[in-house]
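Colleague: Sharing a structure, written as structure tokens. Questions coming.
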Amino acid sequence: MRNINDLIDKAIELRNRGLRSGEIADELNISRETATWLLTRAKRESGVKAPEDIFVDWSMIGKSSSRLMLIATCMADMVEETLNELDTNVDVVVGVALSGVPLANIVAYQYGVELAVVHPGKHRYEEGKDQKETKATFSENYSSVRGKRCVIIDDVITTGSTAEETVKLIQDSGGEAVAMAVIIDKKGIESIGSVAVRSLVRVGRVG
Ligand SMILES: O=P(O)(O)OC[C@H]1O[C@H](OP(=O)(O)OP(=O)(O)O)[C@H](O)[C@@H]1O
């Protein structure tokens, strides 16, 4: 996708496939507000100011295992710097499904530590259910975090809610979240509570 019209076309295509605006937002790595604006603009309902958002398409990395490995290696290097700053270490790398998992797997391999996988609450949302009721969970097929120092790996932070629920889940599960690393942080956050957040690319707005 190269421009706003491509993005609008993609949003329409996803809506026509039956996705709701929240799901379209997730698919395009944009906020829900932006997804709604794209669909509104597609209906030529002009006059509504565009939300302050950017869209992220990192499929040029995601479709290539060698590029994923190189990017994850950069993330591991960034995490190492953060762990040194904090004078701590990592026992388990926590990948946030879906897109954080291939990156987390490589980071865990490089550190020689275990891999845990989180399913965000929004992935378990079902029509008719209260969204607040769908909590994030760990996959039983991967490591537990109890008693372990955790580094969280994901691709993108948009609103920060997935990052926050992952930190809370780790703490509620008896683990210690020490740092989080992403490729792109659209929110520009330094930390979630006491958990350091680092990104290879941090998006900031001028003015
Ligand atoms: O900061 P937030 O607003 O919470 O959004 C960020 C989350 O949204 C995306 O996941 P999503 O589940 O949409 O896609 P994925 O299944 O490809 O990871 C992304 O991978 C983050 O996990």
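Naming scheme: A, B, ... for chains in displayed order of the structure tokens; residues 1 onward per chain; ligands 1 onward as shown.
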Under the rule of at most 12 Å, produce a per-residue listing of stretch 69-186 of chain A near stretch 51-61 of chain A: chain, number, name, the closest pair of atoms, and the distance in Å, as a tab-separated table, using only C-alpha atoms.
Modeller:
```
residue	atom	partner	partner_atom	distance
A:Met69	CA	A:Ile61	CA	9.2
A:Leu70	CA	A:Ile61	CA	9.2
A:Ile71	CA	A:Ile61	CA	7.9
A:Ala72	CA	A:Ile61	CA	10.3
A:Ser99	CA	A:Trp58	CA	10.3
A:Pro102	CA	A:Ile61	CA	11.2
A:Leu103	CA	A:Ile61	CA	10.6
A:Asp155	CA	A:Trp58	CA	8.9
A:Val156	CA	A:Val56	CA	8.3
A:Ile157	CA	A:Val56	CA	10.4
A:Thr158	CA	A:Asp53	CA	9.0
A:Thr159	CA	A:Asp53	CA	10.4
A:Ile183	CA	A:Trp58	CA	9.3
A:Ile184	CA	A:Val56	CA	8.5
A:Asp185	CA	A:Val56	CA	10.3
A:Lys186	CA	A:Ile54	CA	7.8
```
Colleague: Deliver the residues from the most recent selection as a file, using N, CA and C atoms, as a CSV table (one decimal), in the first residue's frame.
Modeller:
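After the write, out.csv holds the following:
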```
chain,number,residue,atom,x,y,z
A,69,MET,N,14.7,-12.5,10.7
A,69,MET,CA,15.8,-12.8,11.5
A,69,MET,C,16.7,-11.6,11.8
A,70,LEU,N,17.0,-10.9,10.7
A,70,LEU,CA,17.8,-9.7,10.9
A,70,LEU,C,17.2,-8.6,11.7
A,71,ILE,N,15.9,-8.4,11.5
A,71,ILE,CA,15.2,-7.4,12.4
A,71,ILE,C,15.1,-7.8,13.8
A,72,ALA,N,14.9,-9.1,14.0
A,72,ALA,CA,14.8,-9.7,15.4
A,72,ALA,C,16.2,-9.6,16.1
A,99,SER,N,1.7,-11.4,15.4
A,99,SER,CA,2.9,-10.9,14.7
A,99,SER,C,4.1,-10.8,15.6
A,102,PRO,N,6.9,-14.7,15.7
A,102,PRO,CA,8.1,-15.0,14.9
A,102,PRO,C,9.3,-14.2,15.4
A,103,LEU,N,9.1,-13.0,15.7
A,103,LEU,CA,10.2,-12.1,16.2
A,103,LEU,C,10.7,-12.6,17.6
A,155,ASP,N,5.3,-6.5,17.3
A,155,ASP,CA,5.7,-5.7,16.1
A,155,ASP,C,5.4,-4.2,16.3
A,156,VAL,N,4.2,-3.9,16.7
A,156,VAL,CA,3.8,-2.5,16.7
A,156,VAL,C,3.0,-2.2,18.0
A,157,ILE,N,3.2,-1.0,18.5
A,157,ILE,CA,2.3,-0.4,19.5
A,157,ILE,C,1.5,0.7,18.8
A,158,THR,N,0.2,0.5,18.9
A,158,THR,CA,-0.7,1.6,18.3
A,158,THR,C,-1.3,2.4,19.5
A,159,THR,N,-2.2,1.8,20.2
A,159,THR,CA,-2.8,2.5,21.3
A,159,THR,C,-2.1,2.2,22.7
A,183,ILE,N,9.1,-3.2,17.0
A,183,ILE,CA,9.7,-2.6,15.8
A,183,ILE,C,9.3,-1.1,15.7
A,184,ILE,N,8.0,-0.9,15.8
A,184,ILE,CA,7.5,0.5,15.7
A,184,ILE,C,6.6,0.8,16.8
A,185,ASP,N,6.9,1.9,17.5
A,185,ASP,CA,6.0,2.5,18.5
A,185,ASP,C,5.3,3.7,18.0
A,186,LYS,N,4.1,3.6,17.7
A,186,LYS,CA,3.3,4.8,17.2
A,186,LYS,C,2.9,5.7,18.3
```
Colleague: Please identify all polymer residues within 9 Å of A:Val79, counting only C-alpha atoms, omitting same-chain residues fewer than 5 positions from it, and present them as number ranges by chain.
Modeller: A: 74, 84, 151, 179-181, 198
Colleague: Could you tell me which of A:Gly160, A:Val167, A:Leu83, A:Lys49 comes closest to A:Gly188 if we count only C-alpha atoms?
Modeller: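 Among the listed residues, the smallest separation from A:Gly188 belongs to A:Gly160.
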Colleague: Closest to ligand 1 among A:Ser64, A:Thr36, A:Thr137, A:Thr166, using only C-alpha atoms and all ligand atoms?
Modeller: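 Of A:Ser64, A:Thr36, A:Thr137, A:Thr166, the one nearest ligand 1, counting only C-alpha atoms and all ligand atoms, is A:Thr166.
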Colleague: Taking only C-alpha atoms and all ligand atoms and a cut-off of 10 Å, can you tell me which residues surround ligand 1, written as an MDAnalysis selection string?
Modeller: chainID A and resid 22:32 95:101 118:123 153:166 182 184:187
Colleague: For atom CA of A:Glu176 and atom CA of A:Glu140, determine how far apart the two atoms are, in Å to one decimal place.
Modeller: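 Distance between the two atoms: 18.4 Å.
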Colleague: Just checking: using only C-alpha atoms, which residue out of A:Arg205, A:Lys148, A:Lys168, A:Arg17 ends up closest to A:Val90?
Modeller: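 Ranked by minimum distance to A:Val90, first place goes to A:Lys148.
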Colleague: Find the spatial neighbours of A:Arg146, counting only C-alpha atoms, within a cut-off of 8 Å - ignore same-chain residues fewer than 2 positions away - and output them as a list in words.
Modeller: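 Final neighbour list, sorted by chain and number: Ser144, Lys148, Ser173, Gly174 and Gly175 of chain A.
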Colleague: So which residues of stretch 67-205 of chain A fall under strand (DSSP E) by DSSP, listed as a VMD selection string?
Modeller: chain A and resid 92 to 96 114 to 119 137 to 138 149 to 157 176 to 185 191 to 192 195 to 202
Colleague: Generate the output file for the selected residues, N, CA and C atoms, as a compact mmCIF listing (two decimals), in the first residue's frame.
Modeller:
```txt
# COMPACT_ATOMS: atom_id res chain seq x y z
N VAL A 92 12.72 -15.56 30.08
CA VAL A 92 11.76 -16.00 29.06
C VAL A 92 11.36 -14.80 28.20
N VAL A 93 11.29 -15.07 26.89
CA VAL A 93 10.83 -14.03 25.95
C VAL A 93 9.35 -14.31 25.65
N VAL A 94 8.54 -13.27 25.80
CA VAL A 94 7.09 -13.41 25.62
C VAL A 94 6.69 -12.78 24.28
N GLY A 95 6.23 -13.60 23.35
CA GLY A 95 5.77 -13.11 22.05
C GLY A 95 4.28 -12.86 22.09
N VAL A 96 3.85 -11.72 21.54
CA VAL A 96 2.42 -11.39 21.49
C VAL A 96 1.87 -11.83 20.13
N GLU A 114 13.69 -19.49 27.21
CA GLU A 114 12.41 -20.06 26.81
C GLU A 114 11.51 -19.04 26.10
N LEU A 115 10.50 -19.58 25.45
CA LEU A 115 9.54 -18.75 24.71
C LEU A 115 8.15 -18.93 25.31
N ALA A 116 7.49 -17.82 25.61
CA ALA A 116 6.07 -17.85 26.01
C ALA A 116 5.27 -17.10 24.96
N VAL A 117 4.01 -17.47 24.84
CA VAL A 117 3.14 -16.84 23.83
C VAL A 117 1.85 -16.35 24.47
N VAL A 118 1.53 -15.08 24.23
CA VAL A 118 0.29 -14.48 24.74
C VAL A 118 -0.72 -14.36 23.61
N HIS A 119 -1.95 -14.77 23.91
CA HIS A 119 -3.08 -14.46 23.01
C HIS A 119 -3.76 -13.22 23.57
N THR A 137 -4.52 -14.39 27.47
CA THR A 137 -4.11 -15.65 28.12
C THR A 137 -2.77 -16.11 27.55
N PHE A 138 -2.07 -16.93 28.31
CA PHE A 138 -0.86 -17.57 27.79
C PHE A 138 -1.25 -18.87 27.08
N ARG A 149 11.92 -13.65 34.81
CA ARG A 149 12.04 -12.29 34.27
C ARG A 149 11.71 -12.33 32.77
N CYS A 150 10.78 -11.48 32.38
CA CYS A 150 10.22 -11.57 31.03
C CYS A 150 10.56 -10.34 30.18
N VAL A 151 10.87 -10.59 28.92
CA VAL A 151 10.96 -9.52 27.92
C VAL A 151 9.84 -9.76 26.91
N ILE A 152 9.04 -8.74 26.68
CA ILE A 152 7.90 -8.86 25.75
C ILE A 152 8.34 -8.37 24.38
N ILE A 153 7.94 -9.14 23.35
CA ILE A 153 8.27 -8.74 21.97
C ILE A 153 6.98 -8.65 21.16
N ASP A 154 6.81 -7.53 20.48
CA ASP A 154 5.68 -7.38 19.55
C ASP A 154 6.16 -6.57 18.35
N ASP A 155 5.30 -6.48 17.33
CA ASP A 155 5.72 -5.73 16.14
C ASP A 155 5.44 -4.24 16.28
N VAL A 156 4.21 -3.90 16.71
CA VAL A 156 3.78 -2.50 16.69
C VAL A 156 3.02 -2.17 17.98
N ILE A 157 3.24 -0.96 18.48
CA ILE A 157 2.35 -0.40 19.50
C ILE A 157 1.52 0.68 18.82
N GLU A 176 7.85 -11.49 36.18
CA GLU A 176 8.28 -10.10 36.28
C GLU A 176 8.57 -9.58 34.87
N ALA A 177 7.77 -8.62 34.42
CA ALA A 177 8.03 -8.01 33.11
C ALA A 177 9.13 -6.97 33.30
N VAL A 178 10.26 -7.16 32.61
CA VAL A 178 11.35 -6.20 32.80
C VAL A 178 11.47 -5.22 31.64
N ALA A 179 11.11 -5.65 30.44
CA ALA A 179 11.22 -4.75 29.29
C ALA A 179 10.33 -5.24 28.16
N MET A 180 10.03 -4.31 27.27
CA MET A 180 9.27 -4.67 26.06
C MET A 180 9.98 -4.05 24.87
N ALA A 181 10.04 -4.78 23.76
CA ALA A 181 10.66 -4.25 22.55
C ALA A 181 9.72 -4.46 21.37
N VAL A 182 9.61 -3.44 20.54
CA VAL A 182 8.78 -3.52 19.32
C VAL A 182 9.58 -2.95 18.15
N ILE A 183 9.08 -3.23 16.96
CA ILE A 183 9.72 -2.61 15.78
C ILE A 183 9.33 -1.13 15.74
N ILE A 184 8.03 -0.88 15.83
CA ILE A 184 7.54 0.49 15.69
C ILE A 184 6.60 0.85 16.84
N ASP A 185 6.88 1.95 17.48
CA ASP A 185 6.01 2.45 18.54
C ASP A 185 5.35 3.73 18.05
N SER A 191 7.71 3.77 28.85
CA SER A 191 7.54 2.66 29.80
C SER A 191 6.05 2.40 30.03
N ILE A 192 5.78 1.19 30.55
CA ILE A 192 4.44 0.86 31.03
C ILE A 192 4.62 0.54 32.51
N VAL A 195 7.97 -0.99 33.52
CA VAL A 195 8.51 -1.80 32.43
C VAL A 195 9.03 -0.90 31.30
N ALA A 196 10.32 -1.01 31.01
CA ALA A 196 10.92 -0.18 29.96
C ALA A 196 10.39 -0.61 28.59
N VAL A 197 10.04 0.35 27.76
CA VAL A 197 9.58 0.06 26.40
C VAL A 197 10.58 0.67 25.41
N ARG A 198 11.09 -0.17 24.51
CA ARG A 198 12.05 0.30 23.51
C ARG A 198 11.56 -0.09 22.12
N SER A 199 11.78 0.80 21.16
CA SER A 199 11.37 0.49 19.78
C SER A 199 12.51 0.83 18.83
N LEU A 200 12.59 0.04 17.75
CA LEU A 200 13.58 0.35 16.72
C LEU A 200 13.21 1.67 16.05
N VAL A 201 11.90 1.89 15.88
CA VAL A 201 11.42 3.13 15.28
C VAL A 201 10.34 3.71 16.18
N ARG A 202 10.57 4.93 16.64
CA ARG A 202 9.56 5.60 17.46
C ARG A 202 9.00 6.76 16.66
```
Colleague: Tell me, in Å to one decimal, how far atom CA of A:Thr34 is from atom CA of A:Ile4.
Modeller: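 Distance between the two atoms: 11.4 Å.
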